$ cat upload.cif   # mmCIF, N, CA and C atoms
data_target
#
loop_
_atom_site.label_atom_id
_atom_site.label_comp_id
_atom_site.auth_asym_id
_atom_site.auth_seq_id
_atom_site.Cartn_x
_atom_site.Cartn_y
_atom_site.Cartn_z
N MET A 3 29.23 57.76 77.91
CA MET A 3 29.08 57.49 79.32
C MET A 3 30.32 58.01 80.07
N LYS A 4 30.08 58.74 81.10
CA LYS A 4 31.17 59.32 81.90
C LYS A 4 31.49 58.40 83.07
N LEU A 5 32.77 58.12 83.24
CA LEU A 5 33.21 57.28 84.36
C LEU A 5 33.10 58.06 85.67
N PRO A 6 32.80 57.38 86.75
CA PRO A 6 32.78 58.07 88.05
C PRO A 6 34.16 58.63 88.39
N LYS A 7 34.15 59.72 89.13
CA LYS A 7 35.41 60.39 89.49
C LYS A 7 36.34 59.49 90.30
N GLU A 8 35.77 58.56 91.07
CA GLU A 8 36.60 57.66 91.86
C GLU A 8 37.43 56.74 90.94
N ILE A 9 36.83 56.27 89.88
CA ILE A 9 37.55 55.40 88.95
C ILE A 9 38.56 56.22 88.14
N THR A 10 38.15 57.40 87.69
CA THR A 10 39.06 58.26 86.93
C THR A 10 40.28 58.64 87.76
N ASN A 11 40.07 59.08 88.99
CA ASN A 11 41.19 59.47 89.84
C ASN A 11 41.99 58.26 90.31
N GLY A 12 41.33 57.12 90.48
CA GLY A 12 42.05 55.89 90.78
C GLY A 12 42.96 55.49 89.63
N PHE A 13 42.48 55.71 88.40
CA PHE A 13 43.30 55.43 87.23
C PHE A 13 44.49 56.39 87.17
N LEU A 14 44.29 57.64 87.57
CA LEU A 14 45.41 58.59 87.62
C LEU A 14 46.46 58.15 88.65
N ILE A 15 46.00 57.61 89.77
CA ILE A 15 46.93 57.06 90.77
C ILE A 15 47.73 55.93 90.14
N PHE A 16 47.04 55.03 89.46
CA PHE A 16 47.69 53.90 88.78
C PHE A 16 48.72 54.38 87.77
N LEU A 17 48.35 55.36 86.94
CA LEU A 17 49.30 55.89 85.95
C LEU A 17 50.51 56.52 86.63
N GLY A 18 50.26 57.30 87.67
CA GLY A 18 51.37 57.96 88.37
C GLY A 18 52.33 56.95 88.97
N ILE A 19 51.79 55.96 89.66
CA ILE A 19 52.64 54.94 90.28
C ILE A 19 53.37 54.13 89.22
N GLY A 20 52.66 53.76 88.17
CA GLY A 20 53.27 52.96 87.10
C GLY A 20 54.41 53.69 86.41
N ILE A 21 54.18 54.93 86.04
CA ILE A 21 55.23 55.72 85.38
C ILE A 21 56.40 55.96 86.33
N TYR A 22 56.09 56.23 87.59
CA TYR A 22 57.14 56.46 88.59
C TYR A 22 58.05 55.23 88.72
N PHE A 23 57.46 54.05 88.85
CA PHE A 23 58.27 52.84 89.01
C PHE A 23 59.01 52.48 87.74
N LEU A 24 58.40 52.68 86.58
CA LEU A 24 59.12 52.42 85.33
C LEU A 24 60.29 53.39 85.17
N LEU A 25 60.09 54.64 85.54
CA LEU A 25 61.17 55.62 85.47
C LEU A 25 62.30 55.26 86.44
N MET A 26 61.94 54.81 87.64
CA MET A 26 62.96 54.38 88.59
C MET A 26 63.75 53.20 88.05
N ASN A 27 63.05 52.30 87.38
CA ASN A 27 63.70 51.13 86.79
C ASN A 27 64.67 51.54 85.68
N VAL A 28 64.24 52.47 84.83
CA VAL A 28 65.09 52.93 83.72
C VAL A 28 66.32 53.67 84.25
N LEU A 29 66.13 54.45 85.30
CA LEU A 29 67.24 55.22 85.86
C LEU A 29 68.14 54.39 86.78
N GLY A 30 67.77 53.14 87.02
CA GLY A 30 68.58 52.28 87.87
C GLY A 30 68.42 52.56 89.35
N LEU A 31 67.31 53.16 89.73
CA LEU A 31 67.07 53.50 91.13
C LEU A 31 66.08 52.55 91.80
N ALA A 32 65.71 51.49 91.12
CA ALA A 32 64.69 50.58 91.64
C ALA A 32 65.13 49.86 92.90
N ASP A 33 66.41 49.78 93.15
CA ASP A 33 66.89 49.07 94.33
C ASP A 33 66.89 49.93 95.59
N LEU A 34 66.57 51.21 95.47
CA LEU A 34 66.52 52.10 96.63
C LEU A 34 65.12 52.04 97.24
N PHE A 35 65.01 51.31 98.34
CA PHE A 35 63.70 51.05 98.92
C PHE A 35 62.98 52.31 99.37
N TYR A 36 63.71 53.32 99.83
CA TYR A 36 63.05 54.52 100.33
C TYR A 36 62.39 55.31 99.20
N LEU A 37 62.89 55.18 97.97
CA LEU A 37 62.22 55.82 96.84
C LEU A 37 60.91 55.12 96.50
N ARG A 38 60.83 53.83 96.83
CA ARG A 38 59.59 53.09 96.58
C ARG A 38 58.46 53.57 97.47
N THR A 39 58.79 54.10 98.62
CA THR A 39 57.74 54.54 99.54
C THR A 39 57.11 55.88 99.11
N LEU A 40 57.73 56.56 98.19
CA LEU A 40 57.21 57.86 97.76
C LEU A 40 55.95 57.74 96.91
N ASN A 41 55.57 56.51 96.56
CA ASN A 41 54.36 56.35 95.75
C ASN A 41 53.11 56.79 96.51
N VAL A 42 53.21 56.95 97.80
CA VAL A 42 52.06 57.40 98.59
C VAL A 42 51.62 58.80 98.16
N PHE A 43 52.52 59.59 97.59
CA PHE A 43 52.15 60.93 97.13
C PHE A 43 51.18 60.88 95.96
N PHE A 44 51.25 59.84 95.15
CA PHE A 44 50.29 59.68 94.07
C PHE A 44 48.90 59.36 94.63
N ILE A 45 48.87 58.62 95.72
CA ILE A 45 47.59 58.33 96.37
C ILE A 45 47.02 59.62 96.98
N PHE A 46 47.88 60.41 97.61
CA PHE A 46 47.43 61.70 98.14
C PHE A 46 46.84 62.56 97.02
N TYR A 47 47.51 62.60 95.88
CA TYR A 47 47.04 63.42 94.76
C TYR A 47 45.65 62.98 94.31
N GLY A 48 45.47 61.68 94.09
CA GLY A 48 44.19 61.18 93.61
C GLY A 48 43.06 61.41 94.60
N VAL A 49 43.32 61.15 95.87
CA VAL A 49 42.29 61.33 96.89
C VAL A 49 41.96 62.81 97.04
N ASN A 50 42.96 63.67 97.04
CA ASN A 50 42.72 65.10 97.15
C ASN A 50 41.90 65.60 95.96
N ARG A 51 42.20 65.09 94.79
CA ARG A 51 41.47 65.50 93.58
C ARG A 51 40.00 65.07 93.67
N THR A 52 39.75 63.88 94.16
CA THR A 52 38.37 63.41 94.34
C THR A 52 37.63 64.29 95.32
N MET A 53 38.27 64.63 96.42
CA MET A 53 37.61 65.44 97.43
C MET A 53 37.34 66.86 96.93
N GLN A 54 38.26 67.40 96.15
CA GLN A 54 38.02 68.71 95.55
C GLN A 54 36.84 68.66 94.59
N MET A 55 36.75 67.59 93.81
CA MET A 55 35.64 67.45 92.88
C MET A 55 34.31 67.31 93.64
N ASN A 56 34.33 66.58 94.75
CA ASN A 56 33.11 66.45 95.56
C ASN A 56 32.67 67.81 96.09
N LEU A 57 33.61 68.59 96.60
CA LEU A 57 33.27 69.92 97.11
C LEU A 57 32.75 70.82 96.00
N HIS A 58 33.35 70.72 94.84
CA HIS A 58 32.92 71.53 93.70
C HIS A 58 31.49 71.16 93.29
N GLU A 59 31.12 69.89 93.45
CA GLU A 59 29.77 69.44 93.12
C GLU A 59 28.78 69.72 94.24
N GLY A 60 29.26 70.25 95.37
CA GLY A 60 28.39 70.58 96.48
C GLY A 60 28.17 69.45 97.47
N GLU A 61 28.92 68.38 97.34
CA GLU A 61 28.81 67.25 98.26
C GLU A 61 29.61 67.55 99.52
N THR A 62 28.89 67.76 100.63
CA THR A 62 29.57 68.11 101.88
C THR A 62 29.30 67.11 102.99
N ASN A 63 28.72 65.96 102.67
CA ASN A 63 28.48 64.94 103.68
C ASN A 63 29.79 64.22 103.98
N PHE A 64 30.15 64.17 105.25
CA PHE A 64 31.43 63.60 105.67
C PHE A 64 31.57 62.14 105.28
N VAL A 65 30.55 61.35 105.55
CA VAL A 65 30.63 59.91 105.31
C VAL A 65 30.72 59.60 103.82
N SER A 66 29.89 60.23 103.01
CA SER A 66 29.93 59.95 101.57
C SER A 66 31.26 60.40 100.96
N ASN A 67 31.83 61.47 101.47
CA ASN A 67 33.13 61.91 100.98
C ASN A 67 34.24 60.95 101.42
N ALA A 68 34.12 60.42 102.62
CA ALA A 68 35.11 59.44 103.09
C ALA A 68 35.04 58.17 102.25
N VAL A 69 33.84 57.71 101.94
CA VAL A 69 33.67 56.53 101.09
C VAL A 69 34.22 56.79 99.69
N SER A 70 33.95 57.96 99.16
CA SER A 70 34.45 58.34 97.84
C SER A 70 35.98 58.38 97.82
N ALA A 71 36.57 58.95 98.85
CA ALA A 71 38.03 59.03 98.95
C ALA A 71 38.64 57.65 99.08
N MET A 72 38.04 56.81 99.92
CA MET A 72 38.56 55.46 100.11
C MET A 72 38.43 54.64 98.83
N THR A 73 37.32 54.79 98.14
CA THR A 73 37.12 54.08 96.87
C THR A 73 38.18 54.48 95.86
N THR A 74 38.46 55.77 95.79
CA THR A 74 39.49 56.25 94.86
C THR A 74 40.84 55.61 95.15
N SER A 75 41.24 55.62 96.38
CA SER A 75 42.56 55.08 96.72
C SER A 75 42.62 53.57 96.54
N VAL A 76 41.56 52.86 96.88
CA VAL A 76 41.56 51.40 96.71
C VAL A 76 41.57 51.02 95.23
N VAL A 77 40.85 51.77 94.40
CA VAL A 77 40.88 51.52 92.96
C VAL A 77 42.29 51.72 92.42
N GLY A 78 42.93 52.82 92.82
CA GLY A 78 44.30 53.09 92.36
C GLY A 78 45.29 52.04 92.81
N VAL A 79 45.20 51.64 94.07
CA VAL A 79 46.12 50.63 94.61
C VAL A 79 45.88 49.28 93.95
N SER A 80 44.61 48.91 93.79
CA SER A 80 44.30 47.61 93.18
C SER A 80 44.79 47.54 91.74
N MET A 81 44.57 48.61 90.99
CA MET A 81 45.07 48.64 89.61
C MET A 81 46.59 48.58 89.57
N SER A 82 47.24 49.24 90.50
CA SER A 82 48.70 49.24 90.55
C SER A 82 49.24 47.85 90.87
N VAL A 83 48.62 47.17 91.81
CA VAL A 83 49.06 45.82 92.15
C VAL A 83 48.81 44.87 90.99
N PHE A 84 47.68 45.03 90.31
CA PHE A 84 47.43 44.20 89.13
C PHE A 84 48.46 44.49 88.04
N GLY A 85 48.80 45.76 87.86
CA GLY A 85 49.85 46.12 86.91
C GLY A 85 51.18 45.49 87.27
N LEU A 86 51.51 45.47 88.55
CA LEU A 86 52.74 44.83 89.01
C LEU A 86 52.70 43.33 88.74
N LEU A 87 51.55 42.72 88.93
CA LEU A 87 51.39 41.29 88.67
C LEU A 87 51.69 40.98 87.20
N VAL A 88 51.10 41.75 86.31
CA VAL A 88 51.33 41.54 84.87
C VAL A 88 52.79 41.82 84.52
N TYR A 89 53.32 42.92 85.03
CA TYR A 89 54.71 43.30 84.75
C TYR A 89 55.69 42.26 85.29
N SER A 90 55.41 41.73 86.48
CA SER A 90 56.30 40.72 87.07
C SER A 90 56.37 39.46 86.21
N TYR A 91 55.21 39.02 85.74
CA TYR A 91 55.22 37.82 84.88
C TYR A 91 55.88 38.11 83.54
N ALA A 92 55.75 39.33 83.04
CA ALA A 92 56.41 39.69 81.78
C ALA A 92 57.93 39.76 81.93
N ARG A 93 58.40 40.07 83.14
CA ARG A 93 59.84 40.19 83.39
C ARG A 93 60.49 38.93 83.92
N GLY A 94 59.72 37.85 84.06
CA GLY A 94 60.34 36.61 84.49
C GLY A 94 59.68 35.93 85.66
N GLY A 95 58.57 36.46 86.14
CA GLY A 95 57.82 35.82 87.21
C GLY A 95 58.51 35.83 88.55
N ASP A 96 58.63 34.65 89.14
CA ASP A 96 59.19 34.54 90.50
C ASP A 96 60.64 35.00 90.57
N ALA A 97 61.39 34.78 89.50
CA ALA A 97 62.79 35.23 89.50
C ALA A 97 62.87 36.75 89.59
N TYR A 98 61.97 37.45 88.91
CA TYR A 98 61.96 38.91 88.97
C TYR A 98 61.55 39.38 90.38
N VAL A 99 60.56 38.73 90.96
CA VAL A 99 60.10 39.12 92.29
C VAL A 99 61.20 38.90 93.33
N ARG A 100 62.00 37.88 93.14
CA ARG A 100 63.11 37.66 94.09
C ARG A 100 64.08 38.82 94.08
N THR A 101 64.32 39.43 92.92
CA THR A 101 65.21 40.59 92.88
C THR A 101 64.58 41.78 93.60
N LEU A 102 63.26 41.88 93.54
CA LEU A 102 62.58 42.97 94.26
C LEU A 102 62.61 42.73 95.76
N SER A 103 62.41 41.49 96.16
CA SER A 103 62.31 41.21 97.59
C SER A 103 63.64 41.34 98.31
N GLU A 104 64.75 41.28 97.59
CA GLU A 104 66.05 41.44 98.23
C GLU A 104 66.22 42.81 98.85
N THR A 105 65.63 43.81 98.21
CA THR A 105 65.80 45.18 98.69
C THR A 105 64.55 45.73 99.34
N PHE A 106 63.55 44.90 99.51
CA PHE A 106 62.31 45.39 100.10
C PHE A 106 62.08 44.69 101.42
N MET A 107 60.87 44.52 101.85
CA MET A 107 60.59 44.06 103.19
C MET A 107 60.40 42.55 103.31
N PHE A 108 60.46 41.83 102.22
CA PHE A 108 60.17 40.41 102.28
C PHE A 108 61.43 39.61 102.57
N GLY A 109 61.23 38.52 103.26
CA GLY A 109 62.32 37.58 103.48
C GLY A 109 62.02 36.32 102.69
N GLY A 110 63.00 35.51 102.48
CA GLY A 110 62.77 34.27 101.75
C GLY A 110 62.60 34.51 100.26
N ASN A 111 61.85 33.64 99.64
CA ASN A 111 61.61 33.70 98.19
C ASN A 111 60.12 33.74 97.91
N PRO A 112 59.51 34.91 97.95
CA PRO A 112 58.06 34.96 97.71
C PRO A 112 57.75 34.72 96.24
N SER A 113 56.59 34.15 96.00
CA SER A 113 56.11 33.99 94.63
C SER A 113 55.45 35.29 94.19
N VAL A 114 55.14 35.40 92.91
CA VAL A 114 54.50 36.61 92.41
C VAL A 114 53.16 36.85 93.09
N PRO A 115 52.28 35.83 93.19
CA PRO A 115 51.00 36.09 93.88
C PRO A 115 51.18 36.48 95.34
N THR A 116 52.10 35.85 96.05
CA THR A 116 52.34 36.19 97.45
C THR A 116 52.82 37.63 97.58
N TYR A 117 53.74 38.02 96.72
CA TYR A 117 54.27 39.38 96.73
C TYR A 117 53.16 40.39 96.47
N CYS A 118 52.32 40.10 95.47
CA CYS A 118 51.25 41.03 95.11
C CYS A 118 50.18 41.11 96.18
N ILE A 119 49.85 39.99 96.81
CA ILE A 119 48.85 40.02 97.89
C ILE A 119 49.37 40.83 99.07
N CYS A 120 50.64 40.65 99.40
CA CYS A 120 51.22 41.44 100.50
C CYS A 120 51.22 42.93 100.17
N LEU A 121 51.55 43.27 98.94
CA LEU A 121 51.53 44.68 98.54
C LEU A 121 50.11 45.23 98.49
N LEU A 122 49.15 44.37 98.16
CA LEU A 122 47.75 44.81 98.16
C LEU A 122 47.32 45.17 99.59
N PHE A 123 47.66 44.32 100.56
CA PHE A 123 47.32 44.63 101.95
C PHE A 123 48.03 45.90 102.42
N GLU A 124 49.28 46.04 102.06
CA GLU A 124 50.02 47.26 102.43
C GLU A 124 49.39 48.48 101.77
N GLY A 125 49.01 48.34 100.52
CA GLY A 125 48.38 49.45 99.80
C GLY A 125 47.04 49.83 100.38
N ILE A 126 46.25 48.85 100.77
CA ILE A 126 44.95 49.15 101.38
C ILE A 126 45.15 49.84 102.72
N ALA A 127 46.14 49.41 103.49
CA ALA A 127 46.44 50.08 104.75
C ALA A 127 46.85 51.53 104.51
N SER A 128 47.68 51.76 103.51
CA SER A 128 48.08 53.14 103.21
C SER A 128 46.88 53.93 102.67
N SER A 129 45.96 53.28 101.98
CA SER A 129 44.75 53.96 101.51
C SER A 129 43.90 54.44 102.68
N VAL A 130 43.77 53.61 103.69
CA VAL A 130 43.01 54.01 104.88
C VAL A 130 43.69 55.19 105.56
N ILE A 131 44.99 55.13 105.71
CA ILE A 131 45.73 56.21 106.36
C ILE A 131 45.62 57.51 105.57
N VAL A 132 45.80 57.42 104.25
CA VAL A 132 45.70 58.62 103.41
C VAL A 132 44.29 59.20 103.47
N THR A 133 43.29 58.34 103.41
CA THR A 133 41.90 58.82 103.47
C THR A 133 41.64 59.53 104.79
N LEU A 134 42.08 58.94 105.89
CA LEU A 134 41.88 59.59 107.19
C LEU A 134 42.61 60.93 107.27
N MET A 135 43.82 60.97 106.75
CA MET A 135 44.58 62.23 106.78
C MET A 135 43.91 63.30 105.93
N MET A 136 43.42 62.91 104.76
CA MET A 136 42.77 63.89 103.89
C MET A 136 41.42 64.32 104.46
N MET A 137 40.73 63.42 105.13
CA MET A 137 39.47 63.81 105.76
C MET A 137 39.73 64.80 106.90
N LEU A 138 40.81 64.61 107.62
CA LEU A 138 41.17 65.58 108.66
C LEU A 138 41.54 66.92 108.03
N TYR A 139 42.24 66.88 106.91
CA TYR A 139 42.65 68.12 106.23
C TYR A 139 41.42 68.89 105.73
N TRP A 140 40.48 68.17 105.15
CA TRP A 140 39.29 68.81 104.59
C TRP A 140 38.14 68.90 105.58
N ASN A 141 38.37 68.60 106.85
CA ASN A 141 37.32 68.50 107.87
C ASN A 141 36.45 69.74 107.97
N ASN A 142 36.99 70.91 107.87
CA ASN A 142 36.20 72.12 108.05
C ASN A 142 35.26 72.39 106.88
N LYS A 143 35.40 71.64 105.79
CA LYS A 143 34.54 71.84 104.63
C LYS A 143 33.28 70.98 104.68
N TYR A 144 33.25 69.99 105.58
CA TYR A 144 32.14 69.04 105.61
C TYR A 144 31.24 69.27 106.81
N ALA A 145 29.96 69.00 106.58
CA ALA A 145 29.01 69.06 107.68
C ALA A 145 29.07 67.76 108.45
N ALA A 146 29.32 67.82 109.74
CA ALA A 146 29.44 66.61 110.56
C ALA A 146 28.08 66.10 111.01
N ASP A 147 27.09 66.94 111.05
CA ASP A 147 25.77 66.52 111.53
C ASP A 147 24.77 66.50 110.39
#

$ encode --input "upload.cif" --output "structure tokens"
Amino acid sequence: MKLPKEITNGFLIFLGIGIYFLLMNVLGLADLFYLRTLNVFFIFYGVNRTMQMNLHEGETNFVSNAVSAMTTSVVGVSMSVFGLLVYSYARGGDAYVRTLSETFMFGGNPSVPTYCICLLFEGIASSVIVTLMMMLYWNNKYAAD
């Protein structure tokens, strides 16, 4: 059984983000918040790959391609947040998240679930933005009517 391209490319987003953050952690760069924002390029890669595959298959309907692109990015972001949830509990739970929140956007002492839910909302927002940007980029390839 072949997995849908949205799940496959979403998994590639998850792998890219996961390896990127683990590499940043190993290199001691995890405290640089601006490097954390570069994970959006993995979302661009996965969404672009899905849209290229759709075009290759002859799918030129704008709405179905937008849904496919959005599904890809949400799958990747959701898997990444779930991976962070598991990793956070493996590294010490709330104590580990407090070290992350010192250099990120959170104030106070968020718990692991609170941190992950906030990142999920942020990730979904970036998924919408990336999908819209990629749809504008690929706009001339799709039939609007």

$ atom_distance --input "upload.cif" --atom1 "atom N of Phe64 in chain A" --atom2 "atom N of Met136 in chain A"
13.3 Å

$ closest_residue --input "upload.cif" --among "A:Val77, A:Val28, A:Met137, A:Val114" --to "Gly95 in chain A" --atoms "only C-alpha atoms"
A:Val114

$ select_by_dssp --input "upload.cif" --residues "chain A" --states "helix (DSSP H, G or I)" --output "PyMOL selection string"
chain A and resi 7-29+35-58+64-92+96-104+114-139+141-143

$ axis_aligned_box --input "upload.cif" --around "range 76-91 of chain A" --padding-each-side "8 Å" --output "lines of an AutoDock Vina configuration file"
center_x = 48.6
center_y = 45.5
center_z = 90.2
size_x = 31.5
size_y = 31.3
size_z = 29.3

$ closest_residue --input "upload.cif" --among "A:Ser113, A:Thr62, A:Ser82, A:Ser70" --to "Ala97 in chain A" --atoms "only N, CA and C atoms"
A:Ser113

$ resolve_selection --input "upload.cif" --expression "the PyMOL selection byres ((chain A and resi 9) around 8)" --output "short mmCIF file (atom, residue, chain, number, x, y, z; two decimals) with N, CA and C atoms, in the coordinates of the input"
data_model
loop_
_atom_site.label_atom_id
_atom_site.label_comp_id
_atom_site.auth_asym_id
_atom_site.auth_seq_id
_atom_site.Cartn_x
_atom_site.Cartn_y
_atom_site.Cartn_z
N LEU A 5 32.77 58.12 83.24
CA LEU A 5 33.21 57.28 84.36
C LEU A 5 33.10 58.06 85.67
N PRO A 6 32.80 57.38 86.75
CA PRO A 6 32.78 58.07 88.05
C PRO A 6 34.16 58.63 88.39
N LYS A 7 34.15 59.72 89.13
CA LYS A 7 35.41 60.39 89.49
C LYS A 7 36.34 59.49 90.30
N GLU A 8 35.77 58.56 91.07
CA GLU A 8 36.60 57.66 91.86
C GLU A 8 37.43 56.74 90.94
N THR A 10 38.15 57.40 87.69
CA THR A 10 39.06 58.26 86.93
C THR A 10 40.28 58.64 87.76
N ASN A 11 40.07 59.08 88.99
CA ASN A 11 41.19 59.47 89.84
C ASN A 11 41.99 58.26 90.31
N GLY A 12 41.33 57.12 90.48
CA GLY A 12 42.05 55.89 90.78
C GLY A 12 42.96 55.49 89.63
N PHE A 13 42.48 55.71 88.40
CA PHE A 13 43.30 55.43 87.23
C PHE A 13 44.49 56.39 87.17
N LEU A 14 44.29 57.64 87.57
CA LEU A 14 45.41 58.59 87.62
C LEU A 14 46.46 58.15 88.65
N ILE A 15 46.00 57.61 89.77
CA ILE A 15 46.93 57.06 90.77
C ILE A 15 47.73 55.93 90.14
N THR A 73 37.32 54.79 98.14
CA THR A 73 37.12 54.08 96.87
C THR A 73 38.18 54.48 95.86
N THR A 74 38.46 55.77 95.79
CA THR A 74 39.49 56.25 94.86
C THR A 74 40.84 55.61 95.15
N SER A 75 41.24 55.62 96.38
CA SER A 75 42.56 55.08 96.72
C SER A 75 42.62 53.57 96.54
N VAL A 77 40.85 51.77 94.40
CA VAL A 77 40.88 51.52 92.96
C VAL A 77 42.29 51.72 92.42
N GLY A 78 42.93 52.82 92.82
CA GLY A 78 44.30 53.09 92.36
C GLY A 78 45.29 52.04 92.81
#

$ atom_distance --input "upload.cif" --atom1 "CA of Cys118 in chain A" --atom2 "CA of Phe44 in chain A"
18.7 Å

$ resolve_selection --input "upload.cif" --expression "the PyMOL selection byres (((chain A and resi 67 and name CA) around 9) and name CA)" --output "PyMOL selection string"
chain A and resi 52-53+56-57+61-66+68-72+137+144

$ write_last_selection --input "upload.cif" --atoms "N, CA and C atoms" --output "PDB file, in the coordinates of the input"
ATOM      1  N   THR A  52      39.750  63.880  94.160  1.00  0.00           N
ATOM      2  CA  THR A  52      38.370  63.410  94.340  1.00  0.00           C
ATOM      3  C   THR A  52      37.630  64.290  95.320  1.00  0.00           C
ATOM      4  N   MET A  53      38.270  64.630  96.420  1.00  0.00           N
ATOM      5  CA  MET A  53      37.610  65.440  97.430  1.00  0.00           C
ATOM      6  C   MET A  53      37.340  66.860  96.930  1.00  0.00           C
ATOM      7  N   ASN A  56      34.330  66.580  94.750  1.00  0.00           N
ATOM      8  CA  ASN A  56      33.110  66.450  95.560  1.00  0.00           C
ATOM      9  C   ASN A  56      32.670  67.810  96.090  1.00  0.00           C
ATOM     10  N   LEU A  57      33.610  68.590  96.600  1.00  0.00           N
ATOM     11  CA  LEU A  57      33.270  69.920  97.110  1.00  0.00           C
ATOM     12  C   LEU A  57      32.750  70.820  96.000  1.00  0.00           C
ATOM     13  N   GLU A  61      28.920  68.380  97.340  1.00  0.00           N
ATOM     14  CA  GLU A  61      28.810  67.250  98.260  1.00  0.00           C
ATOM     15  C   GLU A  61      29.610  67.550  99.520  1.00  0.00           C
ATOM     16  N   THR A  62      28.890  67.760 100.630  1.00  0.00           N
ATOM     17  CA  THR A  62      29.570  68.110 101.880  1.00  0.00           C
ATOM     18  C   THR A  62      29.300  67.110 102.990  1.00  0.00           C
ATOM     19  N   ASN A  63      28.720  65.960 102.670  1.00  0.00           N
ATOM     20  CA  ASN A  63      28.480  64.940 103.680  1.00  0.00           C
ATOM     21  C   ASN A  63      29.790  64.220 103.980  1.00  0.00           C
ATOM     22  N   PHE A  64      30.150  64.170 105.250  1.00  0.00           N
ATOM     23  CA  PHE A  64      31.430  63.600 105.670  1.00  0.00           C
ATOM     24  C   PHE A  64      31.570  62.140 105.280  1.00  0.00           C
ATOM     25  N   VAL A  65      30.550  61.350 105.550  1.00  0.00           N
ATOM     26  CA  VAL A  65      30.630  59.910 105.310  1.00  0.00           C
ATOM     27  C   VAL A  65      30.720  59.600 103.820  1.00  0.00           C
ATOM     28  N   SER A  66      29.890  60.230 103.010  1.00  0.00           N
ATOM     29  CA  SER A  66      29.930  59.950 101.570  1.00  0.00           C
ATOM     30  C   SER A  66      31.260  60.400 100.960  1.00  0.00           C
ATOM     31  N   ALA A  68      34.120  60.420 102.620  1.00  0.00           N
ATOM     32  CA  ALA A  68      35.110  59.440 103.090  1.00  0.00           C
ATOM     33  C   ALA A  68      35.040  58.170 102.250  1.00  0.00           C
ATOM     34  N   VAL A  69      33.840  57.710 101.940  1.00  0.00           N
ATOM     35  CA  VAL A  69      33.670  56.530 101.090  1.00  0.00           C
ATOM     36  C   VAL A  69      34.220  56.790  99.690  1.00  0.00           C
ATOM     37  N   SER A  70      33.950  57.960  99.160  1.00  0.00           N
ATOM     38  CA  SER A  70      34.450  58.340  97.840  1.00  0.00           C
ATOM     39  C   SER A  70      35.980  58.380  97.820  1.00  0.00           C
ATOM     40  N   ALA A  71      36.570  58.950  98.850  1.00  0.00           N
ATOM     41  CA  ALA A  71      38.030  59.030  98.950  1.00  0.00           C
ATOM     42  C   ALA A  71      38.640  57.650  99.080  1.00  0.00           C
ATOM     43  N   MET A  72      38.040  56.810  99.920  1.00  0.00           N
ATOM     44  CA  MET A  72      38.560  55.460 100.110  1.00  0.00           C
ATOM     45  C   MET A  72      38.430  54.640  98.830  1.00  0.00           C
ATOM     46  N   MET A 137      40.730  63.420 105.130  1.00  0.00           N
ATOM     47  CA  MET A 137      39.470  63.810 105.760  1.00  0.00           C
ATOM     48  C   MET A 137      39.730  64.800 106.900  1.00  0.00           C
ATOM     49  N   TYR A 144      33.250  69.990 105.580  1.00  0.00           N
ATOM     50  CA  TYR A 144      32.140  69.040 105.610  1.00  0.00           C
ATOM     51  C   TYR A 144      31.240  69.270 106.810  1.00  0.00           C
TER      52      TYR A 144
END

$ residues_near_point --input "upload.cif" --point "(46.8, 58.5, 98.1)" --cutoff "6.5 Å" --atoms "all atoms listed in the file" --output "list in words"
Val42, Phe43, Phe44, Ile45, Phe46, Tyr47, Gly48, Val49, Ser75, Ser128, Ser129, Val132 and Thr133 of chain A

$ write_last_selection --input "upload.cif" --atoms "N, CA and C atoms" --output "short mmCIF file (atom, residue, chain, number, x, y, z; two decimals), keeping the file's coordinate frame"
data_model
loop_
_atom_site.label_atom_id
_atom_site.label_comp_id
_atom_site.auth_asym_id
_atom_site.auth_seq_id
_atom_site.Cartn_x
_atom_site.Cartn_y
_atom_site.Cartn_z
N VAL A 42 53.21 56.95 97.80
CA VAL A 42 52.06 57.40 98.59
C VAL A 42 51.62 58.80 98.16
N PHE A 43 52.52 59.59 97.59
CA PHE A 43 52.15 60.93 97.13
C PHE A 43 51.18 60.88 95.96
N PHE A 44 51.25 59.84 95.15
CA PHE A 44 50.29 59.68 94.07
C PHE A 44 48.90 59.36 94.63
N ILE A 45 48.87 58.62 95.72
CA ILE A 45 47.59 58.33 96.37
C ILE A 45 47.02 59.62 96.98
N PHE A 46 47.88 60.41 97.61
CA PHE A 46 47.43 61.70 98.14
C PHE A 46 46.84 62.56 97.02
N TYR A 47 47.51 62.60 95.88
CA TYR A 47 47.04 63.42 94.76
C TYR A 47 45.65 62.98 94.31
N GLY A 48 45.47 61.68 94.09
CA GLY A 48 44.19 61.18 93.61
C GLY A 48 43.06 61.41 94.60
N VAL A 49 43.32 61.15 95.87
CA VAL A 49 42.29 61.33 96.89
C VAL A 49 41.96 62.81 97.04
N SER A 75 41.24 55.62 96.38
CA SER A 75 42.56 55.08 96.72
C SER A 75 42.62 53.57 96.54
N SER A 128 47.68 51.76 103.51
CA SER A 128 48.08 53.14 103.21
C SER A 128 46.88 53.93 102.67
N SER A 129 45.96 53.28 101.98
CA SER A 129 44.75 53.96 101.51
C SER A 129 43.90 54.44 102.68
N VAL A 132 45.80 57.42 104.25
CA VAL A 132 45.70 58.62 103.41
C VAL A 132 44.29 59.20 103.47
N THR A 133 43.29 58.34 103.41
CA THR A 133 41.90 58.82 103.47
C THR A 133 41.64 59.53 104.79
#

$ atom_distance --input "upload.cif" --atom1 "CA of Leu121 in chain A" --atom2 "CA of Gln54 in chain A"
27.7 Å

$ resolve_selection --input "upload.cif" --expression "the PyMOL selection byres (((chain A and resi 119 and name CA) around 12) and name CA)" --output "PyMOL selection string"
chain A and resi 79-80+82-84+86-87+112-118+120-126
